[in-house]
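These notes concern the structure reproduced below.
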Amino acid sequence: MSSNATTPVLPIKMDPWFLFVHHLNYNLTTPLSLLLNSVVLYGLLKNDRKDMRIYKCFLVLHTIIDINYTICAGLMQLGMDTRYNTLILVIPGPIAYFGKFAAKSAFFMFNVFFILNLLVLPVTFLYRYILICKSDFIFYYCNWFTLVGVAIIITAWLLPILGFVADNYVSEDKYNIVFRHSAKDVFDTVEFIHLKSENSVWFIFTISLFGLVVLISYSIIFTASSQIYRQLRSVSASLSTKTKTAQRALNHALLLQALTPFVSTSLPTIVLITFIVTKQELNYVPWILAISYIWQPLLNACISLIFIPTIWQAFATSWMRFAWANALSSSTSMGNSSQQRLTKTDKKKASTNL
């Protein structure tokens with residue numbers, strides 16, 4: 001990491017034990033999250049049950065977002081600090097070896113999937129609410145034009161926030177991570193991105209827009225959830241035990257997957273914004289909040305695997321098909337070999353008779 005002669009390098013002092021915990025968290029959580037989300041994605045794509053086809057596209061979309069989110073977070077291994085009256089993003093992960101542009105691009109894509117997840121969640125719950133509580137509405141109004149309209153609304157909310165991220169975060173070599181007691185450099189390669197100005201109208205507009213996104217999204221989620229539970233309770237007598245169990249499990253999975261982004265990303269982001277606005281300088285709190293970001297996709301995958309048993313059933317079905325195909329090929333090859341032996345025996349008998 002190079003530094004300008006005219007710009008003093010500002011140290012960020014850290015303890016070795018905390019940096020070890022930070023790296024251990026990312027190095028363990030990232031591959032595990034990728035593995036479990038890949039399992040979930042495979043199970044969903046192989047699932048052909050009729051009762052899951054309706055929600056399959058939404059669950060697949062959430063899983064793809066989580067996989068990409070995990071890749072961006074794992075490449076960055078993001079740390080955060082609020083010293084020097086600004087928000088400093090520390091990127092010591094593998095992406096730092098490719099320079100400032102790569103590090104900022106990874107941070108930009110991280111924000112794309114972070115905000116996209118917040119915007120897609122309420123659409124999922126709204127669709128489920130319409131399907132269960134307003135089935136006539138979905139027959140008449142839910143078509144390709146509706147999907148295009150929803151995509152336009154999501155894009156309209158997404159672009160201003162991403163524009164702020166692209167314009168108001170800058171990469172500079174004006175900071176350095178050092179050990180608290182020895183003052184030695186911690187990382188051989190690290191990139192820093194910091195907030196350009198926390199007093200601009202652009203910043204105030206963006207954090208207001210982000211707060212509005214969170215408020216509207218979770219208002220839709222909790223309102224739709226309560227209506228869905230009420231509707232299912234009112235018609236539970238007419239549903240089979242299997243259907244009630246499946247619907248209850250899907251409700252739990254979707255609701256828990258809606259809570260994980262709030263706890264692991266939205267709430268930490270709101271706390272960080274509060275630190276920036278009030279100019280609080282706390283040593284480890286921003287770093288701990290940044291550590292929680294990588295847990296969102298991992299928790300979502302665990303929730304899917306626990307509450308949606310059809311994912312495992314897809315694996316069982318694939319295994320049975322594989323075993324059946326092997327057994328069939330083995331029996332065919334054995335039959336062919338037996339036929340060949342019989343043919344050879346007949347030939348020997350024929351030659352003996354001659």
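Identifiers for the structure tokens are assigned positionally: chains receive A, B, ... in sequence, residues are indexed from 1 per chain, and ligands are indexed from 1 in the order shown.
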
Pull the closest atom pair for each residue of segment 162-249 of chain A that gets at most 10 Å from segment 16-22 of chain A, along with the distance in Å to one decimal, counting only C-alpha atoms, ordering rows by chain and then ascending residue number, as CSV.
```
residue,atom,partner,partner_atom,distance
A:Val178,CA,A:Pro16,CA,9.4
A:Phe179,CA,A:Pro16,CA,6.6
A:Arg180,CA,A:Pro16,CA,8.2
A:His181,CA,A:Pro16,CA,9.6
A:Val186,CA,A:Pro16,CA,8.6
```

Return as a tab-separated table the residues of segment 50-124 of chain A lying at most 12 Å from segment 26-40 of chain A, together with the closest atom-to-atom pair for each and the distance in Å to one decimal, counting only C-alpha atoms, with rows in chain order and ascending residue number.
```
residue	atom	partner	partner_atom	distance
A:Lys56	CA	A:Val40	CA	11.2
A:Leu59	CA	A:Val40	CA	9.1
A:Val60	CA	A:Val40	CA	8.5
A:Leu61	CA	A:Val40	CA	11.4
A:His62	CA	A:Asn37	CA	9.9
A:Thr63	CA	A:Asn37	CA	6.3
A:Ile64	CA	A:Asn37	CA	8.2
A:Ile65	CA	A:Asn37	CA	10.0
A:Asp66	CA	A:Asn37	CA	7.4
A:Ile67	CA	A:Leu34	CA	6.1
A:Asn68	CA	A:Leu34	CA	9.0
A:Tyr69	CA	A:Leu34	CA	9.8
A:Thr70	CA	A:Thr30	CA	6.3
A:Ile71	CA	A:Thr30	CA	7.5
A:Cys72	CA	A:Thr30	CA	9.8
A:Ala73	CA	A:Thr30	CA	7.9
A:Gly74	CA	A:Thr30	CA	5.6
A:Leu75	CA	A:Thr30	CA	9.1
A:Met76	CA	A:Tyr26	CA	9.4
A:Gln77	CA	A:Tyr26	CA	6.2
A:Leu78	CA	A:Tyr26	CA	8.9
A:Gly79	CA	A:Tyr26	CA	10.6
A:Pro92	CA	A:Tyr26	CA	11.2
A:Gly93	CA	A:Tyr26	CA	9.3
A:Pro94	CA	A:Asn27	CA	11.2
```

**Prompt:** What is the atom CA of Ile294 of chain A to atom CA of Ile220 of chain A distance in Å?
**Reply:** 25.0 Å

**Item:** DSSP strand (DSSP E or B) residues within segment 184-217 of chain A, as a PyMOL selection string
**Value:** chain A and resi 185+191-195

Find the residues around Ala103 of chain A up to 8 Å (only C-alpha atoms counted), leave out those fewer than 4 positions away in its own chain, and share them as an mmCIF file with C-alpha atoms, in the first residue's frame.
```cif
data_model
loop_
_atom_site.group_PDB
_atom_site.id
_atom_site.type_symbol
_atom_site.label_atom_id
_atom_site.label_comp_id
_atom_site.auth_asym_id
_atom_site.auth_seq_id
_atom_site.Cartn_x
_atom_site.Cartn_y
_atom_site.Cartn_z
ATOM 1 C CA MET A 76 -13.827 -8.100 0.612
ATOM 2 C CA ILE A 91 -11.097 -4.228 2.582
ATOM 3 C CA ILE A 95 -10.050 -8.547 -3.895
ATOM 4 C CA ALA A 96 -7.554 -6.017 -2.456
ATOM 5 C CA PHE A 98 -6.421 -6.341 -7.650
ATOM 6 C CA GLY A 99 -6.352 -2.673 -6.636
ATOM 7 C CA PHE A 107 -18.282 -2.969 -2.568
ATOM 8 C CA GLU A 191 -7.712 -1.072 0.387
#
```

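Nearest to Ile221 of chain A of all the residues A:Tyr127, A:Tyr293, A:Tyr169, A:Phe203 is A:Tyr127, based on only C-alpha atoms.
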
**Best match for closeness to Leu232 of chain A among A:Leu126, A:Ile132, A:Leu250, A:Leu159, counting only C-alpha atoms** = A:Ile132

**Item:** Selected residue, from A:Leu44, A:Val112, A:Ala224, A:Leu212, that lies nearest to Ile130 of chain A when counting only C-alpha atoms
**Value:**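 Distance minimum relative to Ile130 of chain A lands on A:Ala224.
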
**Prompt:** What's the 9 Å shell around Asn176 of chain A, counting only C-alpha atoms, without same-chain residues fewer than 6 positions away, as a list in words?
**Reply:**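 So the residues in contact are Met1, Val9, Leu10, Pro11, Ile12, Lys13, Asp185, Val186, Phe187, Val190 and Phe192 of chain A.
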
**Item:** 10 Å contact set for Trp287 of chain A, only C-alpha atoms, chain neighbours under 2 positions out, as a PyMOL selection string
**Value:** chain A and resi 18-19+22+78-82+89-90+282-285+289-292

Just-selected residues, N, CA, C and O atoms written as a tab-separated table (two decimals), in the first residue's frame:
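Contents of selection29.tsv, freshly written:
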```tsv
chain	number	residue	atom	x	y	z
A	18	PHE	N	-8.57	-9.59	17.99
A	18	PHE	CA	-9.81	-9.22	17.31
A	18	PHE	C	-9.69	-9.42	15.80
A	18	PHE	O	-10.63	-9.88	15.15
A	19	LEU	N	-8.54	-9.09	15.25
A	19	LEU	CA	-8.33	-9.30	13.82
A	19	LEU	C	-8.36	-10.79	13.48
A	19	LEU	O	-8.84	-11.17	12.40
A	22	HIS	N	-11.96	-11.72	13.36
A	22	HIS	CA	-12.54	-11.17	12.14
A	22	HIS	C	-12.24	-12.06	10.94
A	22	HIS	O	-13.13	-12.41	10.15
A	78	LEU	N	-15.01	-7.47	4.75
A	78	LEU	CA	-15.22	-6.07	5.10
A	78	LEU	C	-15.06	-5.79	6.59
A	78	LEU	O	-15.58	-6.51	7.44
A	79	GLY	N	-14.31	-4.75	6.88
A	79	GLY	CA	-14.24	-4.17	8.22
A	79	GLY	C	-14.67	-2.71	8.14
A	79	GLY	O	-14.53	-2.07	7.10
A	80	MET	N	-15.18	-2.18	9.25
A	80	MET	CA	-15.65	-0.80	9.27
A	80	MET	C	-15.14	-0.07	10.49
A	80	MET	O	-15.00	-0.67	11.56
A	81	ASP	N	-14.91	1.23	10.31
A	81	ASP	CA	-14.45	2.06	11.42
A	81	ASP	C	-15.05	3.44	11.27
A	81	ASP	O	-15.27	3.92	10.15
A	82	THR	N	-15.33	4.09	12.40
A	82	THR	CA	-15.94	5.42	12.37
A	82	THR	C	-15.02	6.47	12.99
A	82	THR	O	-15.48	7.47	13.51
A	89	LEU	N	-14.21	2.15	5.32
A	89	LEU	CA	-14.40	0.75	4.95
A	89	LEU	C	-13.04	0.12	4.69
A	89	LEU	O	-12.29	0.59	3.83
A	90	VAL	N	-12.74	-0.91	5.44
A	90	VAL	CA	-11.45	-1.60	5.33
A	90	VAL	C	-11.67	-2.89	4.54
A	90	VAL	O	-12.51	-3.73	4.92
A	282	LEU	N	-15.99	4.55	18.17
A	282	LEU	CA	-15.94	3.36	19.01
A	282	LEU	C	-15.03	2.34	18.34
A	282	LEU	O	-15.15	2.07	17.14
A	283	ASN	N	-14.14	1.75	19.14
A	283	ASN	CA	-13.09	0.93	18.56
A	283	ASN	C	-13.60	-0.29	17.80
A	283	ASN	O	-13.29	-0.48	16.63
A	284	TYR	N	-14.40	-1.12	18.45
A	284	TYR	CA	-14.73	-2.42	17.88
A	284	TYR	C	-16.18	-2.57	17.43
A	284	TYR	O	-16.49	-3.51	16.71
A	285	VAL	N	-17.04	-1.69	17.86
A	285	VAL	CA	-18.47	-1.85	17.54
A	285	VAL	C	-18.71	-1.86	16.03
A	285	VAL	O	-19.42	-2.75	15.52
A	289	LEU	N	-20.27	-5.05	13.89
A	289	LEU	CA	-21.44	-4.91	13.02
A	289	LEU	C	-21.12	-5.38	11.60
A	289	LEU	O	-21.96	-6.01	10.94
A	290	ALA	N	-19.91	-5.09	11.13
A	290	ALA	CA	-19.51	-5.54	9.79
A	290	ALA	C	-19.39	-7.07	9.73
A	290	ALA	O	-19.71	-7.69	8.70
A	291	ILE	N	-18.94	-7.68	10.83
A	291	ILE	CA	-18.83	-9.13	10.88
A	291	ILE	C	-20.20	-9.78	10.70
A	291	ILE	O	-20.34	-10.84	10.07
A	292	SER	N	-21.24	-9.13	11.23
A	292	SER	CA	-22.59	-9.73	11.15
A	292	SER	C	-23.13	-9.78	9.73
A	292	SER	O	-24.05	-10.55	9.46
```

Write out, as a tab-separated table, each residue of segment 5-90 of chain A that has an atom at most 7 Å from segment 267-281 of chain A, together with the closest pair of atoms and their distance in Å to one decimal, counting only C-alpha atoms, rows going by chain and rising number.
```
residue	atom	partner	partner_atom	distance
A:Thr82	CA	A:Glu281	CA	5.4
A:Arg83	CA	A:Glu281	CA	5.0
A:Asn85	CA	A:Lys279	CA	5.6
A:Thr86	CA	A:Ile276	CA	6.2
A:Leu87	CA	A:Ile276	CA	6.5
```

Go ahead and save the picked residues with N, CA, C and O atoms, as a PDB file, in the first residue's frame.
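again_19.pdb, freshly written:
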```
ATOM      1  N   THR A  82     -15.327   4.086  12.398  1.00  0.00           N
ATOM      2  CA  THR A  82     -15.940   5.424  12.374  1.00  0.00           C
ATOM      3  C   THR A  82     -15.022   6.472  12.987  1.00  0.00           C
ATOM      4  O   THR A  82     -15.477   7.475  13.510  1.00  0.00           O
ATOM      5  N   ARG A  83     -13.733   6.250  12.950  1.00  0.00           N
ATOM      6  CA  ARG A  83     -12.796   7.256  13.465  1.00  0.00           C
ATOM      7  C   ARG A  83     -12.592   8.366  12.440  1.00  0.00           C
ATOM      8  O   ARG A  83     -12.975   8.238  11.281  1.00  0.00           O
ATOM      9  N   ASN A  85     -13.987  11.139  12.143  1.00  0.00           N
ATOM     10  CA  ASN A  85     -15.236  11.794  11.744  1.00  0.00           C
ATOM     11  C   ASN A  85     -15.751  11.352  10.369  1.00  0.00           C
ATOM     12  O   ASN A  85     -16.303  12.145   9.607  1.00  0.00           O
ATOM     13  N   THR A  86     -15.561  10.084  10.049  1.00  0.00           N
ATOM     14  CA  THR A  86     -16.090   9.555   8.792  1.00  0.00           C
ATOM     15  C   THR A  86     -16.271   8.059   8.914  1.00  0.00           C
ATOM     16  O   THR A  86     -15.878   7.452   9.933  1.00  0.00           O
ATOM     17  N   LEU A  87     -16.873   7.440   7.927  1.00  0.00           N
ATOM     18  CA  LEU A  87     -16.987   5.986   7.867  1.00  0.00           C
ATOM     19  C   LEU A  87     -15.875   5.451   6.976  1.00  0.00           C
ATOM     20  O   LEU A  87     -15.764   5.821   5.808  1.00  0.00           O
TER      21      LEU A  87
END
```

**Item:** Minimum-distance residue to Ile216 of chain A, chosen among A:Leu41, A:Leu121, A:Ile161, A:Met14 (using only C-alpha atoms)
**Value:**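 Once distances to Ile216 of chain A are computed over only C-alpha atoms, the minimum belongs to A:Leu121.
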
**Request:** Find, counting only C-alpha atoms, the residue in A:Ser236, A:Ile228, A:Gly163, A:Pro122 that gets nearest to Gln257 of chain A.
**Result:**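 Of all the options, A:Pro122 lies closest to Gln257 of chain A.
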
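Going from atom CA of Trp312 of chain A to atom CA of Leu239 of chain A covers 23.8 Å.
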
**Request:** Report as a ChimeraX atom specification: the residues of segment 56-113 of chain A with a DSSP assignment of helix (DSSP H, G or I), based on the backbone of this structure.
**Result:** /A:56-76,94-98,100-113

Once you have the residues from the selection above, write them out as a CSV table (one decimal), in the first residue's frame, restricted to N, CA and C atoms.
```
chain,number,residue,atom,x,y,z
A,56,LYS,N,-41.3,-21.4,-6.1
A,56,LYS,CA,-40.0,-21.8,-6.5
A,56,LYS,C,-39.1,-20.7,-7.1
A,57,CYS,N,-39.8,-19.9,-7.9
A,57,CYS,CA,-39.0,-18.8,-8.6
A,57,CYS,C,-38.5,-17.8,-7.5
A,58,PHE,N,-39.4,-17.5,-6.5
A,58,PHE,CA,-39.0,-16.5,-5.5
A,58,PHE,C,-37.8,-17.1,-4.6
A,59,LEU,N,-38.0,-18.4,-4.2
A,59,LEU,CA,-36.9,-19.0,-3.4
A,59,LEU,C,-35.6,-19.1,-4.2
A,60,VAL,N,-35.7,-19.4,-5.4
A,60,VAL,CA,-34.5,-19.5,-6.3
A,60,VAL,C,-33.8,-18.1,-6.4
A,61,LEU,N,-34.7,-17.1,-6.6
A,61,LEU,CA,-34.1,-15.7,-6.7
A,61,LEU,C,-33.4,-15.3,-5.4
A,62,HIS,N,-34.1,-15.6,-4.3
A,62,HIS,CA,-33.4,-15.2,-3.0
A,62,HIS,C,-32.1,-16.0,-2.8
A,63,THR,N,-32.1,-17.2,-3.2
A,63,THR,CA,-30.8,-18.0,-3.0
A,63,THR,C,-29.7,-17.5,-3.9
A,64,ILE,N,-30.1,-17.1,-5.2
A,64,ILE,CA,-29.1,-16.6,-6.1
A,64,ILE,C,-28.5,-15.3,-5.6
A,65,ILE,N,-29.4,-14.4,-5.0
A,65,ILE,CA,-28.9,-13.2,-4.4
A,65,ILE,C,-28.0,-13.5,-3.3
A,66,ASP,N,-28.3,-14.4,-2.4
A,66,ASP,CA,-27.5,-14.8,-1.3
A,66,ASP,C,-26.1,-15.3,-1.7
A,67,ILE,N,-26.1,-16.1,-2.8
A,67,ILE,CA,-24.8,-16.6,-3.2
A,67,ILE,C,-23.9,-15.5,-3.7
A,68,ASN,N,-24.5,-14.6,-4.5
A,68,ASN,CA,-23.7,-13.4,-5.0
A,68,ASN,C,-23.3,-12.5,-3.9
A,69,TYR,N,-24.2,-12.3,-2.9
A,69,TYR,CA,-23.9,-11.5,-1.8
A,69,TYR,C,-22.7,-12.1,-1.0
A,70,THR,N,-22.7,-13.4,-0.8
A,70,THR,CA,-21.6,-14.1,-0.1
A,70,THR,C,-20.3,-14.0,-0.8
A,71,ILE,N,-20.3,-14.1,-2.1
A,71,ILE,CA,-19.1,-14.0,-2.9
A,71,ILE,C,-18.5,-12.6,-2.7
A,72,CYS,N,-19.3,-11.6,-2.8
A,72,CYS,CA,-18.8,-10.2,-2.7
A,72,CYS,C,-18.3,-10.0,-1.2
A,73,ALA,N,-19.0,-10.4,-0.2
A,73,ALA,CA,-18.6,-10.2,1.1
A,73,ALA,C,-17.3,-11.0,1.4
A,74,GLY,N,-17.2,-12.2,0.9
A,74,GLY,CA,-16.0,-13.1,1.1
A,74,GLY,C,-14.8,-12.5,0.5
A,75,LEU,N,-15.0,-11.9,-0.7
A,75,LEU,CA,-13.8,-11.3,-1.4
A,75,LEU,C,-13.3,-10.1,-0.7
A,76,MET,N,-14.2,-9.3,-0.1
A,76,MET,CA,-13.8,-8.1,0.6
A,76,MET,C,-13.3,-8.4,2.0
A,94,PRO,N,-9.2,-11.0,-0.5
A,94,PRO,CA,-8.5,-11.3,-1.7
A,94,PRO,C,-8.6,-10.2,-2.8
A,95,ILE,N,-9.8,-9.5,-2.8
A,95,ILE,CA,-10.0,-8.5,-3.9
A,95,ILE,C,-9.1,-7.4,-3.8
A,96,ALA,N,-8.5,-7.1,-2.6
A,96,ALA,CA,-7.6,-6.0,-2.5
A,96,ALA,C,-6.3,-6.2,-3.3
A,97,TYR,N,-5.9,-7.4,-3.7
A,97,TYR,CA,-4.8,-7.6,-4.5
A,97,TYR,C,-4.9,-7.1,-5.9
A,98,PHE,N,-6.2,-6.8,-6.3
A,98,PHE,CA,-6.4,-6.3,-7.6
A,98,PHE,C,-6.6,-4.8,-7.7
A,100,LYS,N,-7.6,-0.7,-6.3
A,100,LYS,CA,-8.7,0.2,-5.8
A,100,LYS,C,-10.0,-0.1,-6.6
A,101,PHE,N,-9.9,-0.1,-7.9
A,101,PHE,CA,-11.1,-0.3,-8.8
A,101,PHE,C,-11.8,-1.6,-8.5
A,102,ALA,N,-11.1,-2.7,-8.3
A,102,ALA,CA,-11.7,-3.9,-8.0
A,102,ALA,C,-12.3,-3.9,-6.6
A,103,ALA,N,-11.7,-3.3,-5.7
A,103,ALA,CA,-12.2,-3.2,-4.3
A,103,ALA,C,-13.5,-2.4,-4.3
A,104,LYS,N,-13.5,-1.3,-5.0
A,104,LYS,CA,-14.7,-0.5,-5.0
A,104,LYS,C,-15.8,-1.1,-5.8
A,105,SER,N,-15.5,-1.8,-6.8
A,105,SER,CA,-16.5,-2.6,-7.6
A,105,SER,C,-17.2,-3.7,-6.8
A,106,ALA,N,-16.3,-4.4,-6.0
A,106,ALA,CA,-16.9,-5.4,-5.1
A,106,ALA,C,-17.8,-4.8,-4.1
A,107,PHE,N,-17.4,-3.6,-3.5
A,107,PHE,CA,-18.3,-3.0,-2.6
A,107,PHE,C,-19.6,-2.5,-3.2
A,108,PHE,N,-19.5,-2.0,-4.5
A,108,PHE,CA,-20.7,-1.6,-5.2
A,108,PHE,C,-21.6,-2.8,-5.4
A,109,MET,N,-21.1,-3.9,-5.8
A,109,MET,CA,-22.0,-5.1,-6.1
A,109,MET,C,-22.5,-5.6,-4.8
A,110,PHE,N,-21.7,-5.5,-3.7
A,110,PHE,CA,-22.2,-5.9,-2.4
A,110,PHE,C,-23.5,-5.1,-2.0
A,111,ASN,N,-23.5,-3.8,-2.3
A,111,ASN,CA,-24.6,-3.0,-2.0
A,111,ASN,C,-25.8,-3.3,-3.0
A,112,VAL,N,-25.5,-3.7,-4.2
A,112,VAL,CA,-26.6,-4.1,-5.1
A,112,VAL,C,-27.4,-5.3,-4.6
A,113,PHE,N,-26.7,-6.3,-4.1
A,113,PHE,CA,-27.4,-7.5,-3.6
A,113,PHE,C,-28.0,-7.2,-2.2
```

**Fill in**
One decimal place gives the atom CA of Ser219 of chain A-atom CA of Thr155 of chain A separation as 19.6 Å

**Message:** My list of candidates is A:Phe262, A:Tyr129, A:Phe210, A:Tyr84. Which is closest to Tyr175 of chain A when distances are computed with only C-alpha atoms?
**Reply:** A:Tyr84
